[in-house]
Amino acid sequence: MLKIFNYILIIFLSFFNVALAEKVDVFEFTENELSTLKVKKVRGAYAKTQYSLGNNENGKFIRAEANKSASGLGKEITINLNETPFLNITWKIEKDLPGIDEKSKKGHDYAARVFVVKKTGVTALSNRAMNYVFSSNNNINTYNPSPFTKKSIDYVLSTTKENLNEWVTVKVNVRDHFKKFHNLDLDEINGV
């Protein structure tokens, strides 16, 4: 049985090219956009995650609150990884998920995650993904395949062991990770 905990996630997302100072905002964080995003409810969850928008000195953000529930928001978007290979995430976890084995099927839950997807076939099961996570129980820069599919890699970028209830900004080279973990030389990704 899937055990889902109460957690709160606040997040900003953008792809960036350091050398050319080009930036692609993945989300606009507007009410109109929020109403158009695809919601995916996790199997076994009791209810959807509650999403709301906010604004602070860093800009606009989305806040997710879950209580024995889980769902995710998705957006099909093409990102040219030759122009903007770096994903920047600014996030904060107000309540974590202590004591679960995030690497197991039973405990495969993270305080927050951002999937970056490359379509590699006609079905969702054929896609490849990097799943960037804010872990409650693992160390930064650790990684493993999802216990549900070897085509998705869980990669820890932040941990509540160090940054509970604190804003954290992380940066990762998505293009390099798809090469390293999936042996794919990608020019673009198809969704976040």
# chains A, B, ... in the order shown; residues from 1 in each chain; ligands from 1

call {"tool": "closest_atom_pairs", "arguments": {"of": "range 21-92 of chain A", "to": "range 104-121 of chain A", "cutoff": "12 Å", "atoms": "only C-alpha atoms", "output": "Markdown table"}}
result
| residue | atom | partner | partner_atom | distance |
| --- | --- | --- | --- | --- |
| A:Val26 | CA | A:Val116 | CA | 11.0 |
| A:Val42 | CA | A:Asp109 | CA | 10.5 |
| A:Gly44 | CA | A:Lys106 | CA | 11.3 |
| A:Ala45 | CA | A:Asp109 | CA | 11.7 |
| A:Thr49 | CA | A:Ala112 | CA | 11.9 |
| A:Arg63 | CA | A:Ala112 | CA | 11.0 |
| A:Ala64 | CA | A:Ala112 | CA | 9.2 |
| A:Glu65 | CA | A:Ala111 | CA | 10.3 |
| A:Ala66 | CA | A:Ala111 | CA | 9.8 |
| A:Asn67 | CA | A:Ala111 | CA | 11.8 |
| A:Lys68 | CA | A:Asp109 | CA | 11.5 |
| A:Ser69 | CA | A:Asp109 | CA | 10.9 |
| A:Ala70 | CA | A:Asp109 | CA | 9.2 |
| A:Ser71 | CA | A:Ala112 | CA | 11.0 |
| A:Gly72 | CA | A:Arg113 | CA | 9.0 |
| A:Leu73 | CA | A:Val114 | CA | 9.5 |
| A:Gly74 | CA | A:Phe115 | CA | 8.6 |
| A:Lys75 | CA | A:Val116 | CA | 10.0 |
| A:Glu76 | CA | A:Val117 | CA | 9.0 |
| A:Ile77 | CA | A:Val117 | CA | 9.6 |
| A:Thr78 | CA | A:Lys118 | CA | 9.4 |
| A:Ile79 | CA | A:Val116 | CA | 10.0 |
| A:Asn80 | CA | A:Lys118 | CA | 11.6 |
| A:Leu81 | CA | A:Lys118 | CA | 11.3 |
| A:Pro85 | CA | A:Val116 | CA | 11.6 |
| A:Phe86 | CA | A:Val116 | CA | 11.5 |
| A:Leu87 | CA | A:Val116 | CA | 9.3 |
| A:Asn88 | CA | A:Val114 | CA | 10.7 |
| A:Ile89 | CA | A:Val114 | CA | 8.7 |
| A:Thr90 | CA | A:Val114 | CA | 11.2 |
| A:Trp91 | CA | A:Ala112 | CA | 8.6 |
| A:Lys92 | CA | A:Ala112 | CA | 8.9 |

call {"tool": "select_by_dssp", "arguments": {"residues": "range 19-141 of chain A", "states": "strand (DSSP E or B)", "output": "VMD selection string"}}
result
chain A and resid 22 to 25 38 to 41 50 to 56 59 to 66 71 to 74 76 to 80 86 to 95 112 to 118 128 to 135

call {"tool": "write_last_selection", "arguments": {"atoms": "C-alpha atoms", "output": "short mmCIF file (atom, residue, chain, number, x, y, z; two decimals), in the first residue's frame"}}
result
data_model
loop_
_atom_site.label_atom_id
_atom_site.label_comp_id
_atom_site.auth_asym_id
_atom_site.auth_seq_id
_atom_site.Cartn_x
_atom_site.Cartn_y
_atom_site.Cartn_z
CA GLU A 22 19.50 32.83 -21.96
CA LYS A 23 16.60 31.80 -19.77
CA VAL A 24 13.41 29.79 -20.34
CA ASP A 25 10.81 29.94 -17.57
CA LYS A 38 -2.29 18.50 -16.45
CA VAL A 39 -2.90 16.97 -13.01
CA LYS A 40 -1.72 13.39 -12.51
CA LYS A 41 -3.09 11.69 -9.40
CA GLN A 50 -3.82 21.30 -3.17
CA TYR A 51 -2.01 23.88 -5.31
CA SER A 52 -1.91 27.62 -4.80
CA LEU A 53 0.17 30.49 -6.13
CA GLY A 54 2.25 32.99 -4.21
CA ASN A 55 4.79 35.75 -4.58
CA ASN A 56 7.83 36.78 -2.53
CA GLY A 59 9.25 36.16 -7.60
CA LYS A 60 6.18 34.02 -8.25
CA PHE A 61 5.94 30.43 -7.01
CA ILE A 62 3.57 27.50 -6.70
CA ARG A 63 2.77 25.98 -3.32
CA ALA A 64 1.71 22.34 -3.03
CA GLU A 65 0.15 20.88 0.10
CA ALA A 66 -0.64 17.21 0.46
CA SER A 71 -0.63 14.33 -7.44
CA GLY A 72 1.65 16.16 -9.78
CA LEU A 73 1.36 18.93 -12.33
CA GLY A 74 2.79 18.48 -15.79
CA GLU A 76 4.44 19.50 -22.27
CA ILE A 77 7.16 21.93 -23.25
CA THR A 78 10.08 21.62 -25.62
CA ILE A 79 13.35 22.85 -24.14
CA ASN A 80 16.38 23.09 -26.42
CA PHE A 86 20.76 23.86 -17.00
CA LEU A 87 17.67 23.41 -14.86
CA ASN A 88 17.43 25.79 -11.91
CA ILE A 89 15.09 24.94 -9.07
CA THR A 90 14.40 27.08 -6.04
CA TRP A 91 12.33 25.19 -3.51
CA LYS A 92 11.44 24.92 0.14
CA ILE A 93 9.99 22.02 2.12
CA GLU A 94 8.08 23.00 5.24
CA LYS A 95 7.36 19.45 6.41
CA ALA A 112 9.29 17.19 -3.71
CA ARG A 113 10.25 16.09 -7.18
CA VAL A 114 10.64 17.62 -10.61
CA PHE A 115 10.48 15.22 -13.55
CA VAL A 116 12.19 16.14 -16.81
CA VAL A 117 10.92 13.88 -19.60
CA LYS A 118 12.15 12.87 -23.04
CA ARG A 128 13.01 8.41 -20.26
CA ALA A 129 13.06 10.69 -17.24
CA MET A 130 15.30 12.39 -14.76
CA ASN A 131 13.45 12.80 -11.48
CA TYR A 132 15.12 15.57 -9.46
CA VAL A 133 14.14 15.20 -5.82
CA PHE A 134 14.16 16.95 -2.46
CA SER A 135 14.75 13.95 -0.23
#

call {"tool": "select_by_dssp", "arguments": {"residues": "range 4-155 of chain A", "states": "helix (DSSP H, G or I)", "output": "PyMOL selection string"}}
result
chain A and resi 31-36+124-126

call {"tool": "write_last_selection", "arguments": {"atoms": "all heavy atoms", "output": "PDB file, in the first residue's frame"}}
result
ATOM      1  N   GLU A  31      -2.799  32.185 -12.416  1.00  0.00           N
ATOM      2  CA  GLU A  31      -4.031  31.410 -12.223  1.00  0.00           C
ATOM      3  C   GLU A  31      -4.470  30.770 -13.540  1.00  0.00           C
ATOM      4  O   GLU A  31      -4.911  29.623 -13.562  1.00  0.00           O
ATOM      5  CB  GLU A  31      -5.142  32.299 -11.660  1.00  0.00           C
ATOM      6  CG  GLU A  31      -4.939  32.716 -10.224  1.00  0.00           C
ATOM      7  CD  GLU A  31      -5.050  31.577  -9.215  1.00  0.00           C
ATOM      8  OE1 GLU A  31      -5.650  30.517  -9.526  1.00  0.00           O
ATOM      9  OE2 GLU A  31      -4.513  31.744  -8.109  1.00  0.00           O
ATOM     10  N   ASN A  32      -4.354  31.513 -14.633  1.00  0.00           N
ATOM     11  CA  ASN A  32      -4.744  30.988 -15.937  1.00  0.00           C
ATOM     12  C   ASN A  32      -3.907  29.762 -16.286  1.00  0.00           C
ATOM     13  O   ASN A  32      -4.438  28.737 -16.720  1.00  0.00           O
ATOM     14  CB  ASN A  32      -4.609  32.066 -17.010  1.00  0.00           C
ATOM     15  CG  ASN A  32      -5.098  31.581 -18.356  1.00  0.00           C
ATOM     16  OD1 ASN A  32      -6.177  31.004 -18.454  1.00  0.00           O
ATOM     17  ND2 ASN A  32      -4.307  31.810 -19.389  1.00  0.00           N
ATOM     18  N   GLU A  33      -2.609  29.843 -16.109  1.00  0.00           N
ATOM     19  CA  GLU A  33      -1.743  28.707 -16.420  1.00  0.00           C
ATOM     20  C   GLU A  33      -2.037  27.532 -15.495  1.00  0.00           C
ATOM     21  O   GLU A  33      -2.117  26.390 -15.945  1.00  0.00           O
ATOM     22  CB  GLU A  33      -0.272  29.096 -16.297  1.00  0.00           C
ATOM     23  CG  GLU A  33       0.643  27.928 -16.619  1.00  0.00           C
ATOM     24  CD  GLU A  33       2.086  28.209 -16.315  1.00  0.00           C
ATOM     25  OE1 GLU A  33       2.387  28.682 -15.204  1.00  0.00           O
ATOM     26  OE2 GLU A  33       2.923  27.929 -17.192  1.00  0.00           O
ATOM     27  N   LEU A  34      -2.213  27.799 -14.221  1.00  0.00           N
ATOM     28  CA  LEU A  34      -2.482  26.736 -13.250  1.00  0.00           C
ATOM     29  C   LEU A  34      -3.721  25.935 -13.656  1.00  0.00           C
ATOM     30  O   LEU A  34      -3.740  24.709 -13.544  1.00  0.00           O
ATOM     31  CB  LEU A  34      -2.657  27.327 -11.841  1.00  0.00           C
ATOM     32  CG  LEU A  34      -2.827  26.337 -10.701  1.00  0.00           C
ATOM     33  CD1 LEU A  34      -1.647  25.383 -10.592  1.00  0.00           C
ATOM     34  CD2 LEU A  34      -3.008  27.091  -9.380  1.00  0.00           C
ATOM     35  N   SER A  35      -4.733  26.602 -14.176  1.00  0.00           N
ATOM     36  CA  SER A  35      -5.964  25.912 -14.576  1.00  0.00           C
ATOM     37  C   SER A  35      -5.772  25.046 -15.816  1.00  0.00           C
ATOM     38  O   SER A  35      -6.585  24.156 -16.078  1.00  0.00           O
ATOM     39  CB  SER A  35      -7.088  26.921 -14.811  1.00  0.00           C
ATOM     40  OG  SER A  35      -6.818  27.709 -15.958  1.00  0.00           O
ATOM     41  N   THR A  36      -4.699  25.269 -16.585  1.00  0.00           N
ATOM     42  CA  THR A  36      -4.469  24.494 -17.807  1.00  0.00           C
ATOM     43  C   THR A  36      -3.474  23.359 -17.637  1.00  0.00           C
ATOM     44  O   THR A  36      -3.332  22.535 -18.533  1.00  0.00           O
ATOM     45  CB  THR A  36      -3.959  25.407 -18.945  1.00  0.00           C
ATOM     46  OG1 THR A  36      -2.664  25.910 -18.598  1.00  0.00           O
ATOM     47  CG2 THR A  36      -4.920  26.536 -19.219  1.00  0.00           C
ATOM     48  N   ALA A 124       3.758   6.201 -22.772  1.00  0.00           N
ATOM     49  CA  ALA A 124       4.402   6.838 -21.614  1.00  0.00           C
ATOM     50  C   ALA A 124       5.454   5.924 -20.997  1.00  0.00           C
ATOM     51  O   ALA A 124       6.464   6.395 -20.459  1.00  0.00           O
ATOM     52  CB  ALA A 124       3.352   7.215 -20.575  1.00  0.00           C
ATOM     53  N   LEU A 125       5.256   4.631 -21.075  1.00  0.00           N
ATOM     54  CA  LEU A 125       6.213   3.679 -20.494  1.00  0.00           C
ATOM     55  C   LEU A 125       7.535   3.635 -21.245  1.00  0.00           C
ATOM     56  O   LEU A 125       8.532   3.148 -20.718  1.00  0.00           O
ATOM     57  CB  LEU A 125       5.598   2.279 -20.438  1.00  0.00           C
ATOM     58  CG  LEU A 125       4.403   2.130 -19.495  1.00  0.00           C
ATOM     59  CD1 LEU A 125       3.810   0.736 -19.609  1.00  0.00           C
ATOM     60  CD2 LEU A 125       4.804   2.435 -18.065  1.00  0.00           C
ATOM     61  N   SER A 126       7.550   4.125 -22.472  1.00  0.00           N
ATOM     62  CA  SER A 126       8.802   4.118 -23.232  1.00  0.00           C
ATOM     63  C   SER A 126       9.625   5.389 -23.020  1.00  0.00           C
ATOM     64  O   SER A 126      10.767   5.471 -23.456  1.00  0.00           O
ATOM     65  CB  SER A 126       8.517   3.922 -24.723  1.00  0.00           C
ATOM     66  OG  SER A 126       7.749   4.991 -25.211  1.00  0.00           O
TER      67      SER A 126
END

call {"tool": "residues_around", "arguments": {"residues": "Leu186 in chain A", "least_positions_apart": "4", "cutoff": "8 Å", "atoms": "only C-alpha atoms", "output": "number ranges by chain"}}
result
A: 81, 175, 178-179

call {"tool": "decode", "arguments": {"residues": "range 110-123 of chain A", "atoms": "all heavy atoms", "output": "mmCIF file, in the first residue's frame"}}
result
data_model
loop_
_atom_site.group_PDB
_atom_site.id
_atom_site.type_symbol
_atom_site.label_atom_id
_atom_site.label_comp_id
_atom_site.auth_asym_id
_atom_site.auth_seq_id
_atom_site.Cartn_x
_atom_site.Cartn_y
_atom_site.Cartn_z
ATOM 1 N N TYR A 110 8.837 11.347 -2.182
ATOM 2 C CA TYR A 110 9.789 12.398 -1.844
ATOM 3 C C TYR A 110 9.014 13.633 -1.415
ATOM 4 O O TYR A 110 7.878 13.835 -1.828
ATOM 5 C CB TYR A 110 10.679 12.735 -3.050
ATOM 6 C CG TYR A 110 11.611 11.618 -3.416
ATOM 7 C CD1 TYR A 110 11.282 10.708 -4.416
ATOM 8 C CD2 TYR A 110 12.821 11.466 -2.754
ATOM 9 C CE1 TYR A 110 12.138 9.672 -4.751
ATOM 10 C CE2 TYR A 110 13.684 10.434 -3.072
ATOM 11 C CZ TYR A 110 13.336 9.544 -4.078
ATOM 12 O OH TYR A 110 14.189 8.511 -4.386
ATOM 13 N N ALA A 111 9.652 14.449 -0.608
ATOM 14 C CA ALA A 111 9.016 15.698 -0.196
ATOM 15 C C ALA A 111 8.698 16.554 -1.420
ATOM 16 O O ALA A 111 7.698 17.259 -1.447
ATOM 17 C CB ALA A 111 9.910 16.452 0.783
ATOM 18 N N ALA A 112 9.532 16.484 -2.445
ATOM 19 C CA ALA A 112 9.286 17.189 -3.705
ATOM 20 C C ALA A 112 10.064 16.502 -4.813
ATOM 21 O O ALA A 112 11.111 15.906 -4.569
ATOM 22 C CB ALA A 112 9.719 18.649 -3.609
ATOM 23 N N ARG A 113 9.544 16.622 -6.015
ATOM 24 C CA ARG A 113 10.252 16.090 -7.178
ATOM 25 C C ARG A 113 9.884 16.885 -8.421
ATOM 26 O O ARG A 113 8.774 17.386 -8.539
ATOM 27 C CB ARG A 113 9.998 14.607 -7.377
ATOM 28 C CG ARG A 113 8.568 14.235 -7.625
ATOM 29 C CD ARG A 113 8.380 12.743 -7.837
ATOM 30 N NE ARG A 113 7.876 12.115 -6.637
ATOM 31 C CZ ARG A 113 7.998 10.830 -6.364
ATOM 32 N NH1 ARG A 113 8.616 10.031 -7.193
ATOM 33 N NH2 ARG A 113 7.496 10.324 -5.272
ATOM 34 N N VAL A 114 10.855 16.986 -9.315
ATOM 35 C CA VAL A 114 10.644 17.621 -10.606
ATOM 36 C C VAL A 114 11.112 16.626 -11.662
ATOM 37 O O VAL A 114 12.289 16.277 -11.720
ATOM 38 C CB VAL A 114 11.441 18.948 -10.743
ATOM 39 C CG1 VAL A 114 11.301 19.511 -12.152
ATOM 40 C CG2 VAL A 114 10.980 19.952 -9.698
ATOM 41 N N PHE A 115 10.166 16.141 -12.468
ATOM 42 C CA PHE A 115 10.478 15.225 -13.553
ATOM 43 C C PHE A 115 10.829 16.027 -14.799
ATOM 44 O O PHE A 115 10.132 16.987 -15.135
ATOM 45 C CB PHE A 115 9.255 14.361 -13.920
ATOM 46 C CG PHE A 115 9.065 13.158 -13.068
ATOM 47 C CD1 PHE A 115 8.251 13.213 -11.952
ATOM 48 C CD2 PHE A 115 9.669 11.954 -13.398
ATOM 49 C CE1 PHE A 115 8.049 12.096 -11.168
ATOM 50 C CE2 PHE A 115 9.472 10.831 -12.626
ATOM 51 C CZ PHE A 115 8.657 10.901 -11.502
ATOM 52 N N VAL A 116 11.868 15.611 -15.492
ATOM 53 C CA VAL A 116 12.191 16.136 -16.806
ATOM 54 C C VAL A 116 12.102 14.932 -17.748
ATOM 55 O O VAL A 116 12.763 13.911 -17.532
ATOM 56 C CB VAL A 116 13.602 16.761 -16.842
ATOM 57 C CG1 VAL A 116 13.935 17.257 -18.239
ATOM 58 C CG2 VAL A 116 13.707 17.888 -15.824
ATOM 59 N N VAL A 117 11.271 15.041 -18.790
ATOM 60 C CA VAL A 117 10.918 13.885 -19.602
ATOM 61 C C VAL A 117 11.358 14.058 -21.048
ATOM 62 O O VAL A 117 11.197 15.129 -21.638
ATOM 63 C CB VAL A 117 9.386 13.657 -19.567
ATOM 64 C CG1 VAL A 117 8.983 12.479 -20.432
ATOM 65 C CG2 VAL A 117 8.920 13.465 -18.132
ATOM 66 N N LYS A 118 11.865 12.953 -21.610
ATOM 67 C CA LYS A 118 12.151 12.873 -23.036
ATOM 68 C C LYS A 118 11.294 11.759 -23.613
ATOM 69 O O LYS A 118 11.365 10.608 -23.168
ATOM 70 C CB LYS A 118 13.630 12.569 -23.288
ATOM 71 C CG LYS A 118 13.960 12.322 -24.749
ATOM 72 C CD LYS A 118 13.651 13.524 -25.626
ATOM 73 C CE LYS A 118 13.966 13.259 -27.086
ATOM 74 N NZ LYS A 118 13.493 14.325 -27.950
ATOM 75 N N LYS A 119 10.439 12.113 -24.569
ATOM 76 C CA LYS A 119 9.647 11.094 -25.245
ATOM 77 C C LYS A 119 10.569 10.278 -26.135
ATOM 78 O O LYS A 119 11.263 10.827 -26.984
ATOM 79 C CB LYS A 119 8.550 11.742 -26.083
ATOM 80 C CG LYS A 119 7.456 12.365 -25.264
ATOM 81 C CD LYS A 119 6.357 12.923 -26.153
ATOM 82 C CE LYS A 119 5.283 13.559 -25.311
ATOM 83 N NZ LYS A 119 4.206 14.123 -26.146
ATOM 84 N N THR A 120 10.554 8.963 -25.935
ATOM 85 C CA THR A 120 11.416 8.084 -26.727
ATOM 86 C C THR A 120 10.623 6.986 -27.427
ATOM 87 O O THR A 120 11.196 6.069 -27.988
ATOM 88 C CB THR A 120 12.512 7.448 -25.848
ATOM 89 O OG1 THR A 120 11.896 6.766 -24.760
ATOM 90 C CG2 THR A 120 13.479 8.486 -25.323
ATOM 91 N N GLY A 121 9.304 7.081 -27.370
ATOM 92 C CA GLY A 121 8.441 6.097 -28.013
ATOM 93 C C GLY A 121 7.019 6.592 -28.019
ATOM 94 O O GLY A 121 6.737 7.733 -27.669
ATOM 95 N N VAL A 122 6.101 5.696 -28.364
ATOM 96 C CA VAL A 122 4.701 6.100 -28.496
ATOM 97 C C VAL A 122 3.919 6.017 -27.195
ATOM 98 O O VAL A 122 2.859 6.620 -27.067
ATOM 99 C CB VAL A 122 3.990 5.279 -29.603
ATOM 100 C CG1 VAL A 122 4.544 5.623 -30.972
ATOM 101 C CG2 VAL A 122 4.095 3.801 -29.328
ATOM 102 N N THR A 123 4.409 5.290 -26.213
ATOM 103 C CA THR A 123 3.692 5.175 -24.944
ATOM 104 C C THR A 123 4.470 5.866 -23.834
ATOM 105 O O THR A 123 5.689 6.051 -23.926
ATOM 106 C CB THR A 123 3.477 3.705 -24.543
ATOM 107 O OG1 THR A 123 4.746 3.128 -24.209
ATOM 108 C CG2 THR A 123 2.821 2.916 -25.662
#
